[in-house]
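The data block below is model-v1.pdb; it holds PDB, C-alpha atoms and all ligand atoms.
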```pdb
ATOM      1  CA  MET V  28     -11.929 227.086 159.250
ATOM      2  CA  ALA V  29     -12.428 227.968 162.880
ATOM      3  CA  CYS V  30     -12.729 224.378 164.021
ATOM      4  CA  THR V  31      -9.696 222.904 162.254
ATOM      5  CA  ARG V  32      -7.499 222.959 165.338
ATOM      6  CA  LEU V  33      -9.999 220.723 167.139
ATOM      7  CA  ILE V  34      -9.897 217.984 164.552
ATOM      8  CA  SER V  35      -7.571 215.589 166.281
ATOM      9  CA  GLY V  36      -7.681 212.684 168.659
ATOM     10  CA  ALA V  37     -10.551 212.884 171.077
ATOM     11  CA  ALA V  38     -12.390 215.502 169.043
ATOM     12  CA  LEU V  39     -12.634 213.116 166.110
ATOM     13  CA  ILE V  40     -14.286 210.511 168.276
ATOM     14  CA  ALA V  41     -16.883 213.025 169.396
ATOM     15  CA  ILE V  42     -17.471 214.253 165.861
ATOM     16  CA  SER V  43     -17.908 210.725 164.569
ATOM     17  CA  VAL V  44     -20.927 210.248 166.809
ATOM     18  CA  GLY V  45     -22.339 213.590 165.785
ATOM     19  CA  LEU V  46     -22.083 215.449 169.070
ATOM     20  CA  ALA V  47     -19.319 217.905 168.352
ATOM     21  CA  GLY V  48     -19.614 221.074 166.353
ATOM     22  CA  CYS V  49     -17.209 223.911 165.977
ATOM     23  CA  GLY V  50     -18.051 225.481 169.347
ATOM     24  CA  GLU V  51     -15.785 226.820 172.022
ATOM     25  CA  GLU V  52     -15.730 223.680 174.176
ATOM     26  CA  PRO V  53     -12.306 222.039 174.458
ATOM     27  CA  ALA V  54     -11.974 218.766 172.576
ATOM     28  CA  GLY V  55     -11.456 216.751 175.771
ATOM     29  CA  ASP V  56     -14.817 217.789 177.174
ATOM     30  CA  GLU V  57     -16.571 216.815 173.964
ATOM     31  CA  ALA V  58     -15.133 213.315 174.149
ATOM     32  CA  ALA V  59     -15.965 213.041 177.843
ATOM     33  CA  SER V  60     -19.599 213.812 177.096
ATOM     34  CA  VAL V  61     -19.648 210.648 174.992
ATOM     35  CA  ALA V  62     -17.835 208.286 177.315
ATOM     36  CA  GLY V  63     -18.698 209.730 180.710
ATOM     37  CA  PRO V  64     -16.213 211.243 183.128
ATOM     38  CA  GLU V  65     -12.606 210.221 182.614
ATOM     39  CA  PRO V  66     -11.801 207.530 185.183
ATOM     40  CA  ALA V  67      -9.111 208.716 187.630
ATOM     41  CA  VAL V  68      -7.340 205.403 187.180
ATOM     42  CA  ILE V  69      -6.167 206.505 183.729
ATOM     43  CA  ASP V  70      -4.232 209.447 185.189
ATOM     44  CA  GLU V  71      -2.941 207.249 187.979
ATOM     45  CA  ARG V  72      -1.558 204.576 185.694
ATOM     46  CA  GLN V  73      -0.035 207.163 183.349
ATOM     47  CA  ALA V  74       1.717 208.748 186.350
ATOM     48  CA  ASN V  75       2.955 205.303 187.337
ATOM     49  CA  PHE V  76       4.365 204.658 183.868
ATOM     50  CA  LYS V  77       6.135 208.036 184.006
ATOM     51  CA  SER V  78       7.591 207.051 187.349
ATOM     52  CA  LEU V  79       8.746 203.727 185.870
ATOM     53  CA  GLY V  80      10.499 205.634 183.105
ATOM     54  CA  LYS V  81      12.178 207.945 185.617
ATOM     55  CA  SER V  82      13.478 205.132 187.814
ATOM     56  CA  PHE V  83      14.672 203.213 184.778
ATOM     57  CA  LYS V  84      16.599 206.275 183.627
ATOM     58  CA  ALA V  85      18.155 206.592 187.096
ATOM     59  CA  ILE V  86      19.534 203.064 186.685
ATOM     60  CA  ARG V  87      20.911 203.705 183.207
ATOM     61  CA  THR V  88      22.496 206.976 184.350
ATOM     62  CA  GLN V  89      24.432 205.098 187.026
ATOM     63  CA  LEU V  90      25.842 202.756 184.401
ATOM     64  CA  GLU V  91      27.005 205.619 182.205
ATOM     65  CA  GLY V  92      29.216 207.006 184.982
ATOM     66  CA  GLY V  93      31.716 204.140 185.083
ATOM     67  CA  SER V  94      31.359 203.589 188.835
ATOM     68  CA  PRO V  95      27.687 202.718 189.353
ATOM     69  CA  ASP V  96      26.216 203.146 192.808
ATOM     70  CA  MET V  97      24.551 199.803 193.467
ATOM     71  CA  THR V  98      22.448 201.227 196.306
ATOM     72  CA  VAL V  99      20.901 203.776 193.949
ATOM     73  CA  ILE V 100      20.254 201.025 191.419
ATOM     74  CA  ALA V 101      18.713 198.660 193.969
ATOM     75  CA  THR V 102      16.465 201.457 195.282
ATOM     76  CA  ALA V 103      15.298 202.401 191.782
ATOM     77  CA  ALA V 104      14.658 198.737 190.940
ATOM     78  CA  THR V 105      12.635 198.364 194.151
ATOM     79  CA  GLU V 106      10.524 201.372 193.173
ATOM     80  CA  MET V 107      10.018 199.964 189.690
ATOM     81  CA  ASN V 108       8.940 196.620 191.063
ATOM     82  CA  ALA V 109       6.408 198.207 193.441
ATOM     83  CA  THR V 110       5.063 200.355 190.596
ATOM     84  CA  ALA V 111       4.812 197.355 188.281
ATOM     85  CA  LEU V 112       2.709 195.555 190.876
ATOM     86  CA  LYS V 113       0.427 198.599 191.315
ATOM     87  CA  LEU V 114      -0.094 198.840 187.577
ATOM     88  CA  GLU V 115      -1.512 195.338 187.399
ATOM     89  CA  SER V 116      -4.808 196.539 188.889
ATOM     90  CA  GLN V 117      -4.970 199.819 186.980
ATOM     91  CA  PHE V 118      -6.555 198.573 183.796
ATOM     92  CA  PRO V 119     -10.275 198.189 184.535
ATOM     93  CA  GLU V 120     -12.386 197.320 181.518
ATOM     94  CA  GLY V 121     -13.851 200.304 179.667
ATOM     95  CA  THR V 122     -10.720 202.492 179.925
ATOM     96  CA  SER V 123      -9.234 202.002 176.469
ATOM     97  CA  VAL V 124      -8.718 204.583 173.758
ATOM     98  CA  ASP V 125     -11.716 203.014 171.985
ATOM     99  CA  ASP V 126     -13.867 204.088 174.929
ATOM    100  CA  GLY V 127     -13.163 207.695 174.005
ATOM    101  CA  PHE V 128     -10.640 208.526 176.709
ATOM    102  CA  ASP V 129      -7.308 210.294 176.553
ATOM    103  CA  THR V 130      -5.246 207.140 176.880
ATOM    104  CA  GLU V 131      -2.878 205.029 174.820
ATOM    105  CA  ALA V 132      -4.287 201.777 176.200
ATOM    106  CA  LEU V 133      -5.443 199.618 173.292
ATOM    107  CA  SER V 134      -8.606 197.558 173.608
ATOM    108  CA  ASN V 135      -6.720 194.329 172.882
ATOM    109  CA  ILE V 136      -5.621 194.518 176.565
ATOM    110  CA  TRP V 137      -9.088 193.173 177.342
ATOM    111  CA  ASP V 138      -9.293 190.977 174.258
ATOM    112  CA  ASP V 139      -6.211 189.059 175.329
ATOM    113  CA  PRO V 140      -5.997 189.456 179.117
ATOM    114  CA  GLU V 141      -3.704 186.472 179.585
ATOM    115  CA  LYS V 142      -1.086 187.909 177.295
ATOM    116  CA  PHE V 143      -1.377 191.288 179.025
ATOM    117  CA  THR V 144      -0.945 189.665 182.445
ATOM    118  CA  GLU V 145       2.058 187.786 181.096
ATOM    119  CA  ALA V 146       3.572 191.067 179.844
ATOM    120  CA  HIS V 147       3.075 192.608 183.302
ATOM    121  CA  LYS V 148       4.667 189.606 184.942
ATOM    122  CA  ARG V 149       7.689 189.916 182.702
ATOM    123  CA  LEU V 150       8.244 193.490 183.948
ATOM    124  CA  ALA V 151       7.629 192.534 187.586
ATOM    125  CA  ASP V 152      10.056 189.601 187.343
ATOM    126  CA  ALA V 153      12.738 191.594 185.504
ATOM    127  CA  THR V 154      12.656 194.409 188.076
ATOM    128  CA  ALA V 155      12.687 191.950 191.003
ATOM    129  CA  GLU V 156      15.729 190.267 189.496
ATOM    130  CA  MET V 157      17.423 193.656 189.134
ATOM    131  CA  ILE V 158      17.190 194.183 192.901
ATOM    132  CA  THR V 159      19.051 190.926 193.524
ATOM    133  CA  ILE V 160      21.631 191.643 190.829
ATOM    134  CA  ALA V 161      22.340 195.162 192.150
ATOM    135  CA  GLU V 162      22.818 193.739 195.613
ATOM    136  CA  GLY V 163      25.384 191.375 194.082
ATOM    137  CA  GLY V 164      27.341 194.393 192.806
ATOM    138  CA  ASP V 165      28.229 193.132 189.303
ATOM    139  CA  ALA V 166      27.984 196.101 186.908
ATOM    140  CA  ALA V 167      28.053 193.943 183.764
ATOM    141  CA  ALA V 168      25.154 191.874 185.069
ATOM    142  CA  VAL V 169      23.250 195.076 185.873
ATOM    143  CA  GLY V 170      23.843 196.172 182.280
ATOM    144  CA  ASP V 171      22.436 192.903 180.945
ATOM    145  CA  GLN V 172      19.402 193.267 183.184
ATOM    146  CA  VAL V 173      18.780 196.787 181.882
ATOM    147  CA  GLY V 174      18.371 195.079 178.515
ATOM    148  CA  ALA V 175      15.921 192.568 179.979
ATOM    149  CA  ILE V 176      13.817 195.298 181.620
ATOM    150  CA  GLY V 177      13.855 197.416 178.460
ATOM    151  CA  GLY V 178      12.747 194.355 176.519
ATOM    152  CA  SER V 179       9.786 193.920 178.850
ATOM    153  CA  CYS V 180       8.668 197.524 178.264
ATOM    154  CA  LYS V 181       8.924 197.128 174.513
ATOM    155  CA  ASN V 182       7.238 193.727 174.526
ATOM    156  CA  CYS V 183       4.122 195.205 176.097
ATOM    157  CA  HIS V 184       4.121 198.521 174.222
ATOM    158  CA  ASP V 185       4.407 196.777 170.857
ATOM    159  CA  THR V 186       1.121 194.980 171.434
ATOM    160  CA  PHE V 187      -0.913 196.933 173.953
ATOM    161  CA  ARG V 188       0.012 200.614 173.696
ATOM    162  CA  LEU V 189      -1.153 202.948 170.962
ATOM    163  CA  ASP V 190       1.778 203.861 168.737
ATOM    164  CA  THR V 191       1.744 207.641 168.597
ATOM    165  CA  ASP V 192       5.068 208.120 166.793
TER     166      ASP V 192
HETATM  167  C1  LIG T   1       2.134 195.231 180.650
HETATM  168  C2  LIG T   1       2.277 196.269 179.679
HETATM  169  C3  LIG T   1       3.300 197.347 179.843
HETATM  170  C4  LIG T   1       4.579 197.261 180.327
HETATM  171  C5  LIG T   1       5.317 196.033 180.830
HETATM  172  C6  LIG T   1       5.132 198.596 180.242
HETATM  173  N1  LIG T   1       4.218 199.454 179.721
HETATM  174 FE1  LIG T   1       4.468 201.444 179.487
HETATM  175  N2  LIG T   1       2.540 201.605 178.885
HETATM  176  C7  LIG T   1       1.664 200.570 178.708
HETATM  177  C8  LIG T   1       0.372 201.081 178.312
HETATM  178  C9  LIG T   1      -0.867 200.247 178.013
HETATM  179  C10 LIG T   1       0.485 202.477 178.272
HETATM  180  C11 LIG T   1      -0.610 203.494 177.964
HETATM  181  C12 LIG T   1      -1.288 203.884 179.285
HETATM  182  C13 LIG T   1      -2.382 204.923 179.125
HETATM  183  O1  LIG T   1      -2.217 205.851 178.311
HETATM  184  O2  LIG T   1      -3.415 204.803 179.822
HETATM  185  C14 LIG T   1       1.873 202.782 178.626
HETATM  186  C15 LIG T   1       2.388 204.065 178.708
HETATM  187  C16 LIG T   1       3.687 204.363 179.058
HETATM  188  C17 LIG T   1       4.232 205.700 179.146
HETATM  189  C18 LIG T   1       3.467 206.983 178.859
HETATM  190  C19 LIG T   1       2.775 207.457 180.136
HETATM  191  C20 LIG T   1       2.049 208.775 179.925
HETATM  192  O3  LIG T   1       2.666 209.820 180.166
HETATM  193  O4  LIG T   1       0.889 208.759 179.484
HETATM  194  C21 LIG T   1       5.535 205.585 179.517
HETATM  195  C22 LIG T   1       6.542 206.704 179.758
HETATM  196  C23 LIG T   1       5.812 204.176 179.679
HETATM  197  N3  LIG T   1       4.664 203.462 179.392
HETATM  198  C24 LIG T   1       7.034 203.651 180.069
HETATM  199  C25 LIG T   1       7.258 202.312 180.322
HETATM  200  C26 LIG T   1       8.535 201.783 180.768
HETATM  201  C27 LIG T   1       9.798 202.601 180.968
HETATM  202  C28 LIG T   1       8.354 200.455 180.917
HETATM  203  C29 LIG T   1       9.335 199.425 181.350
HETATM  204  C30 LIG T   1      10.227 199.720 182.446
HETATM  205  C31 LIG T   1       6.973 200.153 180.581
HETATM  206  N4  LIG T   1       6.346 201.307 180.215
HETATM  207  C32 LIG T   1       6.421 198.894 180.645
HETATM  208  C33 LIG T   1       1.930 199.240 178.891
HETATM  209  C34 LIG T   1       3.087 198.741 179.454
END
```
Just dump the structure as structure tokens.
Amino acid sequence: MACTRLISGAALIAISVGLAGCGEEPAGDEAASVAGPEPAVIDERQANFKSLGKSFKAIRTQLEGGSPDMTVIATAATEMNATALKLESQFPEGTSVDDGFDTEALSNIWDDPEKFTEAHKRLADATAEMITIAEGGDAAAVGDQVGAIGGSCKNCHDTFRLDTD
């Protein structure tokens, strides 16, 4: 079947409302014709999450070396904290996966906004604390805080991010 390769993700959403056929249009465009143009904020927040992941990895890499550079760790934690704060305003209503967009944001973000805000706060607090700990220079404490930050990522993903694994 010529259209088989389109039957996934966004294409399914379009098909389910009867707008998509087996034409040449890419699946993303079909979905966008249902939900309207993809809000730029989705790309922006996804880029911010990628940046969070990169900075977090920079911290963990320092710990693997045996002689962690606390300045590198404090800088990465500062970046993570700033990014966490930016992300708080990057979830306007109507930008969930249920709205037909290419996003892993689940609609329960807006069903339970207090819990989502709490999950954001946990990340913001954990990264702020990492700055202080790195400035203190105790590698074991930095290691413990890596666990706390990682826990804050998982805490939110478990509830609010589409599980694509
Ligand atoms: C308050 C909730 C929350 C916290 C805290 C959180 N995430 Fe996420 N994360 C999400 C959501 C929701 C998405 C899906 C965003 C989308 O697709 O629009 C996501 C997506 C991502 C992505 C995929 C981005 C892409 O390429 O599309 C990465 C990587 C990621 N998060 C890493 C992290 C890391 C690392 C942490 C912790 C340091 C973290 N996240 C903390 C909610 C959170």
List the residues matched by the PyMOL selection byres (((chain V and resi 150) around 12) and not hetatm) in the displayed structure as a compact mmCIF listing (two decimals) with C-alpha atoms, in the coordinates of the input, ordered by chain and then by residue number.
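Listing of out_32.txt after writing:
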```
# COMPACT_ATOMS: atom_id res chain seq x y z
CA PHE V 76 4.36 204.66 183.87
CA LEU V 79 8.75 203.73 185.87
CA PHE V 83 14.67 203.21 184.78
CA ALA V 104 14.66 198.74 190.94
CA MET V 107 10.02 199.96 189.69
CA ASN V 108 8.94 196.62 191.06
CA ALA V 109 6.41 198.21 193.44
CA THR V 110 5.06 200.36 190.60
CA ALA V 111 4.81 197.36 188.28
CA LEU V 112 2.71 195.56 190.88
CA LYS V 113 0.43 198.60 191.32
CA LEU V 114 -0.09 198.84 187.58
CA GLU V 115 -1.51 195.34 187.40
CA PHE V 143 -1.38 191.29 179.02
CA THR V 144 -0.94 189.66 182.44
CA GLU V 145 2.06 187.79 181.10
CA ALA V 146 3.57 191.07 179.84
CA HIS V 147 3.08 192.61 183.30
CA LYS V 148 4.67 189.61 184.94
CA ARG V 149 7.69 189.92 182.70
CA ALA V 151 7.63 192.53 187.59
CA ASP V 152 10.06 189.60 187.34
CA ALA V 153 12.74 191.59 185.50
CA THR V 154 12.66 194.41 188.08
CA ALA V 155 12.69 191.95 191.00
CA GLU V 156 15.73 190.27 189.50
CA MET V 157 17.42 193.66 189.13
CA GLN V 172 19.40 193.27 183.18
CA VAL V 173 18.78 196.79 181.88
CA GLY V 174 18.37 195.08 178.52
CA ALA V 175 15.92 192.57 179.98
CA ILE V 176 13.82 195.30 181.62
CA GLY V 177 13.86 197.42 178.46
CA GLY V 178 12.75 194.36 176.52
CA SER V 179 9.79 193.92 178.85
CA CYS V 180 8.67 197.52 178.26
CA LYS V 181 8.92 197.13 174.51
CA ASN V 182 7.24 193.73 174.53
CA CYS V 183 4.12 195.20 176.10
CA HIS V 184 4.12 198.52 174.22
```
So what does the PyMOL selection byres (((chain V and resi 167) around 12) and not hetatm) actually pick up in this one, as a PDB file with C-alpha atoms, in the coordinates of the input?
```pdb
ATOM      1  CA  LEU V  90      25.842 202.756 184.401  1.00  0.00           C
ATOM      2  CA  GLU V  91      27.005 205.619 182.205  1.00  0.00           C
ATOM      3  CA  GLY V  93      31.716 204.140 185.083  1.00  0.00           C
ATOM      4  CA  SER V  94      31.359 203.589 188.835  1.00  0.00           C
ATOM      5  CA  PRO V  95      27.687 202.718 189.353  1.00  0.00           C
ATOM      6  CA  MET V  97      24.551 199.803 193.467  1.00  0.00           C
ATOM      7  CA  MET V 157      17.423 193.656 189.134  1.00  0.00           C
ATOM      8  CA  ILE V 160      21.631 191.643 190.829  1.00  0.00           C
ATOM      9  CA  ALA V 161      22.340 195.162 192.150  1.00  0.00           C
ATOM     10  CA  GLY V 163      25.384 191.375 194.082  1.00  0.00           C
ATOM     11  CA  GLY V 164      27.341 194.393 192.806  1.00  0.00           C
ATOM     12  CA  ASP V 165      28.229 193.132 189.303  1.00  0.00           C
ATOM     13  CA  ALA V 166      27.984 196.101 186.908  1.00  0.00           C
ATOM     14  CA  ALA V 168      25.154 191.874 185.069  1.00  0.00           C
ATOM     15  CA  VAL V 169      23.250 195.076 185.873  1.00  0.00           C
ATOM     16  CA  GLY V 170      23.843 196.172 182.280  1.00  0.00           C
ATOM     17  CA  ASP V 171      22.436 192.903 180.945  1.00  0.00           C
ATOM     18  CA  GLN V 172      19.402 193.267 183.184  1.00  0.00           C
ATOM     19  CA  VAL V 173      18.780 196.787 181.882  1.00  0.00           C
ATOM     20  CA  GLY V 174      18.371 195.079 178.515  1.00  0.00           C
TER      21      GLY V 174
END
```
Item to check | Given all atoms listed in the file as the counted atoms, nearest of V:Gln117, V:Val99, V:Asp190, V:Gly92 to Glu71 (chain V) | outcome: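 Residue with the minimum atom-to-atom distance to Glu71 (chain V): V:Gln117.
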Checklist entry - Between CA of Ser116 (chain V) and atom C29 of ligand LIG 1 (chain T), what is the spacing in Å? => result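 Computing the Euclidean distance for atom C29 of ligand LIG 1 (chain T) and CA of Ser116 (chain V) yields 16.3 Å.
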Item to check | Interatomic distance (Å, one decimal) between CA of Gly80 (chain V) and CA of Ala101 (chain V) | outcome: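 Value for the CA of Gly80 (chain V)-CA of Ala101 (chain V) distance: 15.3 Å.
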